[in-house]
Amino acid sequence: MNKFIFDVDGTLTPSRGIIDVNFKAFFNTFCLSNHVYLVTGSDKPKTVEQISEPTYNLCKRVYNCNGNDVWEGEVNVRQNKWILPETAHDWLSEELTASAFPLRTGLHFEHRPGMVNFSVVGRNANTEQRKIYVKWDEDHNERDFIAHNFNLKFPDLEAKVGGETGIDIAPKGFDKSQIIKDFNLEDDERIFFFGDRMDLDGNDYPLAQANKNGRNFHVTSWNQTKEYLQWLQETGDAS
């Protein structure tokens, strides 16, 4: 049976938002008849908040924190204990101070198992404040600039743009691509991966590249994810 891996923010839900009620019912039904996995930069509590605990538990396995905190229902399969080095923290703090974006909301560093999410506007930003930063970042490419310079400065670490306002940082190789080693496929099986950040600097890119014999679906919203899944069901490729 084919395996289905889904990013969450921007793929199953609006970024940092709650899953649509009608899509949730559709997705739950899909989970009951397919092998479904999630991989997201968010931690477990945030993911459960977004999609609900029943939907979370319908998935075969959930790779939180880009695969650094792995769950099967209530069972924590493994967890990475890495901590961001002080030198990298200080460098990012300098970037935060130097940013020309005028708004700060707090929680600029969110420490998660095996990774850190860094945000100039801050994780405490409300929906309207996030929209302001998204538009500003589209015009100034700040996150791409910070991630690029960070990777030059700290070659053993890796920064990838994730979601709408953040940058995911982890040791090199501990990105979403690390989960691929858990999938031992039969000759007639493939991985179908759905994500919204498969661009070169996006946090879905490494897994898309590692999924060499599968199919990658670069989506822009949960609506497009649903359309692809319906199409796969109609063509019989979902089995």
# chains A, B, ... in the order shown; residues from 1 in each chain; ligands from 1
>>> residues_around(residues="Asn68 of chain A", least_positions_apart="6", cutoff="12 Å", atoms="only C-alpha atoms", output="PDB file with N, CA and C atoms, in the first residue's frame")
ATOM      1  N   VAL A  39       4.406  15.159   8.919  1.00  0.00           N
ATOM      2  CA  VAL A  39       5.730  15.682   9.258  1.00  0.00           C
ATOM      3  C   VAL A  39       5.616  17.204   9.295  1.00  0.00           C
ATOM      4  N   THR A  40       5.935  17.783  10.443  1.00  0.00           N
ATOM      5  CA  THR A  40       5.733  19.212  10.646  1.00  0.00           C
ATOM      6  C   THR A  40       6.809  19.779  11.551  1.00  0.00           C
ATOM      7  N   GLY A  41       7.091  21.060  11.366  1.00  0.00           N
ATOM      8  CA  GLY A  41       8.047  21.720  12.247  1.00  0.00           C
ATOM      9  C   GLY A  41       7.483  21.991  13.629  1.00  0.00           C
ATOM     10  N   SER A  42       6.161  21.945  13.777  1.00  0.00           N
ATOM     11  CA  SER A  42       5.524  22.229  15.059  1.00  0.00           C
ATOM     12  C   SER A  42       5.677  21.071  16.039  1.00  0.00           C
ATOM     13  N   ASP A  43       5.500  21.379  17.338  1.00  0.00           N
ATOM     14  CA  ASP A  43       5.538  20.331  18.348  1.00  0.00           C
ATOM     15  C   ASP A  43       4.170  19.649  18.436  1.00  0.00           C
ATOM     16  N   LYS A  44       4.094  18.595  19.262  1.00  0.00           N
ATOM     17  CA  LYS A  44       2.853  17.820  19.344  1.00  0.00           C
ATOM     18  C   LYS A  44       1.672  18.653  19.847  1.00  0.00           C
ATOM     19  N   VAL A  62       3.381  10.371  13.574  1.00  0.00           N
ATOM     20  CA  VAL A  62       3.518  11.811  13.379  1.00  0.00           C
ATOM     21  C   VAL A  62       4.943  12.221  13.706  1.00  0.00           C
ATOM     22  N   ASN A  76       5.707   8.037  22.595  1.00  0.00           N
ATOM     23  CA  ASN A  76       6.824   8.816  22.063  1.00  0.00           C
ATOM     24  C   ASN A  76       7.912   7.848  21.601  1.00  0.00           C
ATOM     25  N   VAL A  77       8.024   7.679  20.289  1.00  0.00           N
ATOM     26  CA  VAL A  77       8.940   6.694  19.708  1.00  0.00           C
ATOM     27  C   VAL A  77      10.392   7.099  19.931  1.00  0.00           C
ATOM     28  N   ARG A  78      10.702   8.374  19.693  1.00  0.00           N
ATOM     29  CA  ARG A  78      12.063   8.882  19.922  1.00  0.00           C
ATOM     30  C   ARG A  78      12.035  10.406  19.950  1.00  0.00           C
ATOM     31  N   GLN A  79      13.086  10.965  20.573  1.00  0.00           N
ATOM     32  CA  GLN A  79      13.165  12.418  20.688  1.00  0.00           C
ATOM     33  C   GLN A  79      14.625  12.850  20.693  1.00  0.00           C
ATOM     34  N   ASN A  80      14.912  13.886  19.906  1.00  0.00           N
ATOM     35  CA  ASN A  80      16.261  14.436  19.797  1.00  0.00           C
ATOM     36  C   ASN A  80      16.448  15.515  20.874  1.00  0.00           C
ATOM     37  N   LYS A  81      17.539  15.449  21.624  1.00  0.00           N
ATOM     38  CA  LYS A  81      17.768  16.363  22.755  1.00  0.00           C
ATOM     39  C   LYS A  81      18.698  17.530  22.407  1.00  0.00           C
ATOM     40  N   TRP A  82      18.975  17.758  21.117  1.00  0.00           N
ATOM     41  CA  TRP A  82      19.897  18.821  20.705  1.00  0.00           C
ATOM     42  C   TRP A  82      19.437  20.194  21.194  1.00  0.00           C
ATOM     43  N   ILE A  83      20.403  21.051  21.529  1.00  0.00           N
ATOM     44  CA  ILE A  83      20.140  22.421  21.969  1.00  0.00           C
ATOM     45  C   ILE A  83      20.941  23.385  21.090  1.00  0.00           C
ATOM     46  N   HIS A 111      12.092  26.902  21.341  1.00  0.00           N
ATOM     47  CA  HIS A 111      12.925  25.704  21.417  1.00  0.00           C
ATOM     48  C   HIS A 111      12.039  24.460  21.436  1.00  0.00           C
ATOM     49  N   ARG A 112      12.293  23.597  20.464  1.00  0.00           N
ATOM     50  CA  ARG A 112      11.548  22.351  20.329  1.00  0.00           C
ATOM     51  C   ARG A 112      12.529  21.198  20.309  1.00  0.00           C
ATOM     52  N   PRO A 113      12.078  19.963  20.501  1.00  0.00           N
ATOM     53  CA  PRO A 113      13.010  18.836  20.446  1.00  0.00           C
ATOM     54  C   PRO A 113      13.797  18.809  19.136  1.00  0.00           C
ATOM     55  N   GLY A 114      15.108  18.895  19.242  1.00  0.00           N
ATOM     56  CA  GLY A 114      15.980  18.754  18.086  1.00  0.00           C
ATOM     57  C   GLY A 114      16.038  19.935  17.155  1.00  0.00           C
ATOM     58  N   MET A 115      15.381  21.054  17.496  1.00  0.00           N
ATOM     59  CA  MET A 115      15.364  22.190  16.583  1.00  0.00           C
ATOM     60  C   MET A 115      14.929  23.454  17.322  1.00  0.00           C
ATOM     61  N   VAL A 116      15.087  24.595  16.618  1.00  0.00           N
ATOM     62  CA  VAL A 116      14.618  25.881  17.119  1.00  0.00           C
ATOM     63  C   VAL A 116      13.895  26.583  15.985  1.00  0.00           C
ATOM     64  N   ILE A 169      15.668  25.790  12.460  1.00  0.00           N
ATOM     65  CA  ILE A 169      17.117  25.603  12.584  1.00  0.00           C
ATOM     66  C   ILE A 169      17.400  24.298  13.324  1.00  0.00           C
ATOM     67  N   ALA A 170      18.301  23.499  12.772  1.00  0.00           N
ATOM     68  CA  ALA A 170      18.661  22.208  13.365  1.00  0.00           C
ATOM     69  C   ALA A 170      20.050  21.814  12.870  1.00  0.00           C
ATOM     70  N   PRO A 171      20.665  20.803  13.475  1.00  0.00           N
ATOM     71  CA  PRO A 171      21.921  20.288  12.924  1.00  0.00           C
ATOM     72  C   PRO A 171      21.712  19.824  11.488  1.00  0.00           C
ATOM     73  N   GLY A 173      21.225  17.836   8.338  1.00  0.00           N
ATOM     74  CA  GLY A 173      20.749  16.472   8.151  1.00  0.00           C
ATOM     75  C   GLY A 173      19.571  16.108   9.028  1.00  0.00           C
ATOM     76  N   PHE A 174      19.283  16.932  10.046  1.00  0.00           N
ATOM     77  CA  PHE A 174      18.165  16.655  10.938  1.00  0.00           C
ATOM     78  C   PHE A 174      16.931  17.468  10.522  1.00  0.00           C
ATOM     79  N   ASP A 175      16.711  17.532   9.215  1.00  0.00           N
ATOM     80  CA  ASP A 175      15.528  18.184   8.654  1.00  0.00           C
ATOM     81  C   ASP A 175      14.487  17.112   8.334  1.00  0.00           C
ATOM     82  N   LYS A 176      13.467  17.460   7.584  1.00  0.00           N
ATOM     83  CA  LYS A 176      12.394  16.505   7.313  1.00  0.00           C
ATOM     84  C   LYS A 176      12.858  15.276   6.537  1.00  0.00           C
ATOM     85  N   SER A 177      13.978  15.396   5.819  1.00  0.00           N
ATOM     86  CA  SER A 177      14.465  14.260   5.034  1.00  0.00           C
ATOM     87  C   SER A 177      14.877  13.079   5.901  1.00  0.00           C
ATOM     88  N   GLN A 178      15.142  13.321   7.192  1.00  0.00           N
ATOM     89  CA  GLN A 178      15.612  12.245   8.060  1.00  0.00           C
ATOM     90  C   GLN A 178      14.565  11.145   8.242  1.00  0.00           C
ATOM     91  N   ILE A 179      13.298  11.447   7.993  1.00  0.00           N
ATOM     92  CA  ILE A 179      12.261  10.447   8.247  1.00  0.00           C
ATOM     93  C   ILE A 179      12.226   9.366   7.171  1.00  0.00           C
TER      94      ILE A 179
END
>>> residues_around(residues="Trp91 of chain A", least_positions_apart="6", cutoff="12 Å", atoms="only C-alpha atoms", output="list in words")
Leu84, Pro85, Thr97, Ala98, Phe118, Ile146, Ala147, Asn149, Phe150, Asn151, Lys153 and Phe154 of chain A
>>> write_last_selection(atoms="C-alpha atoms", output="PDB file, in the first residue's frame")
ATOM      1  CA  LEU A  84      21.000  25.498  19.872  1.00  0.00           C
ATOM      2  CA  PRO A  85      24.637  26.573  20.534  1.00  0.00           C
ATOM      3  CA  THR A  97      17.958  43.633  16.680  1.00  0.00           C
ATOM      4  CA  ALA A  98      19.146  44.701  13.229  1.00  0.00           C
ATOM      5  CA  PHE A 118      13.325  31.671  14.993  1.00  0.00           C
ATOM      6  CA  ILE A 146      18.890  35.457   7.310  1.00  0.00           C
ATOM      7  CA  ALA A 147      18.755  31.728   6.538  1.00  0.00           C
ATOM      8  CA  ASN A 149      23.796  34.000   5.941  1.00  0.00           C
ATOM      9  CA  PHE A 150      23.220  31.707   8.905  1.00  0.00           C
ATOM     10  CA  ASN A 151      24.126  28.681   6.797  1.00  0.00           C
ATOM     11  CA  LYS A 153      28.241  31.280   9.258  1.00  0.00           C
ATOM     12  CA  PHE A 154      27.369  27.910  10.813  1.00  0.00           C
TER      13      PHE A 154
END
>>> residues_around(residues="segment 206-209 of chain A", least_positions_apart="5", cutoff="12 Å", atoms="only C-alpha atoms", output="NGL selection string")
:A and (5-7 or 39-40 or 66-67 or 158-161 or 172-181 or 191-201 or 214-218)
>>> select_by_dssp(residues="segment 3-188 of chain A", states="alpha helix (DSSP H)", output="ChimeraX atom specification")
/A:21-33,44-51,53-58,86-98,127-140,142-153
>>> write_last_selection(atoms="C-alpha atoms", output="tab-separated table (two decimals), in the first residue's frame")
chain	number	residue	atom	x	y	z
A	21	VAL	CA	-14.33	21.14	9.59
A	22	ASN	CA	-15.43	19.67	6.27
A	23	PHE	CA	-11.89	18.90	5.18
A	24	LYS	CA	-11.24	17.27	8.56
A	25	ALA	CA	-14.11	14.83	7.99
A	26	PHE	CA	-12.77	14.04	4.52
A	27	PHE	CA	-9.20	13.61	5.81
A	28	ASN	CA	-10.28	11.37	8.70
A	29	THR	CA	-12.04	9.07	6.25
A	30	PHE	CA	-8.95	9.07	4.06
A	31	CYS	CA	-6.79	8.11	7.08
A	32	LEU	CA	-9.03	5.09	7.82
A	33	SER	CA	-8.30	3.49	4.45
A	44	LYS	CA	2.85	17.82	19.34
A	45	PRO	CA	0.64	20.17	21.43
A	46	LYS	CA	0.46	22.69	18.58
A	47	THR	CA	-0.29	19.98	16.00
A	48	VAL	CA	-3.06	18.52	18.17
A	49	GLU	CA	-4.48	22.03	18.60
A	50	GLN	CA	-4.57	22.44	14.82
A	51	ILE	CA	-6.00	19.10	13.69
A	53	GLU	CA	-6.36	14.63	18.94
A	54	PRO	CA	-8.62	12.10	17.15
A	55	THR	CA	-7.21	13.07	13.75
A	56	TYR	CA	-3.66	13.06	15.15
A	57	ASN	CA	-4.17	9.53	16.43
A	58	LEU	CA	-5.62	8.29	13.13
A	86	GLU	CA	25.06	29.90	22.31
A	87	THR	CA	27.10	31.37	19.44
A	88	ALA	CA	24.24	30.71	16.99
A	89	HIS	CA	21.70	32.11	19.44
A	90	ASP	CA	23.75	35.29	19.82
A	91	TRP	CA	24.08	35.71	16.05
A	92	LEU	CA	20.33	35.36	15.56
A	93	SER	CA	19.72	37.83	18.39
A	94	GLU	CA	21.86	40.35	16.52
A	95	GLU	CA	19.80	39.76	13.38
A	96	LEU	CA	16.64	40.31	15.41
A	97	THR	CA	17.96	43.63	16.68
A	98	ALA	CA	19.15	44.70	13.23
A	127	THR	CA	-3.29	36.77	12.73
A	128	GLU	CA	-3.23	40.41	11.64
A	129	GLN	CA	0.36	40.93	12.82
A	130	ARG	CA	1.42	37.78	10.98
A	131	LYS	CA	-0.18	39.08	7.78
A	132	ILE	CA	1.77	42.32	8.11
A	133	TYR	CA	5.04	40.42	8.43
A	134	VAL	CA	4.19	38.04	5.57
A	135	LYS	CA	3.67	40.98	3.22
A	136	TRP	CA	6.84	42.69	4.47
A	137	ASP	CA	8.88	39.49	4.05
A	138	GLU	CA	7.55	39.01	0.51
A	139	ASP	CA	8.86	42.49	-0.34
A	140	HIS	CA	12.20	42.23	1.50
A	142	GLU	CA	14.28	38.83	5.06
A	143	ARG	CA	13.91	35.20	6.05
A	144	ASP	CA	15.72	33.95	2.95
A	145	PHE	CA	18.52	36.45	3.65
A	146	ILE	CA	18.89	35.46	7.31
A	147	ALA	CA	18.75	31.73	6.54
A	148	HIS	CA	21.35	32.06	3.77
A	149	ASN	CA	23.80	34.00	5.94
A	150	PHE	CA	23.22	31.71	8.91
A	151	ASN	CA	24.13	28.68	6.80
A	152	LEU	CA	27.33	30.37	5.67
A	153	LYS	CA	28.24	31.28	9.26
>>> select_by_dssp(residues="segment 14-226 of chain A", states="strand (DSSP E or B)", output="VMD selection string")
chain A and resid 35 to 39 61 to 64 69 to 72 75 to 79 109 to 112 115 to 119 157 to 162 166 to 171 191 to 195 202 215 to 218
>>> atom_distance(atom1="atom CA of Lys60 of chain A", atom2="atom CA of Asn184 of chain A")
14.3 Å
>>> atom_distance(atom1="atom CA of Ile19 of chain A", atom2="atom CA of Leu185 of chain A")
29.7 Å
>>> closest_residue(among="A:Gly122, A:Thr11, A:Asn2, A:Pro102", to="Glu227 of chain A", atoms="only C-alpha atoms")
A:Thr11
>>> closest_residue(among="A:Gly10, A:Glu72, A:Lys3, A:Ser99", to="Ser221 of chain A", atoms="only C-alpha atoms")
A:Gly10
>>> residues_around(residues="Asn124 of chain A", least_positions_apart="2", cutoff="8 Å", atoms="only C-alpha atoms", output="PyMOL selection string")
chain A and resi 105-107+122+126
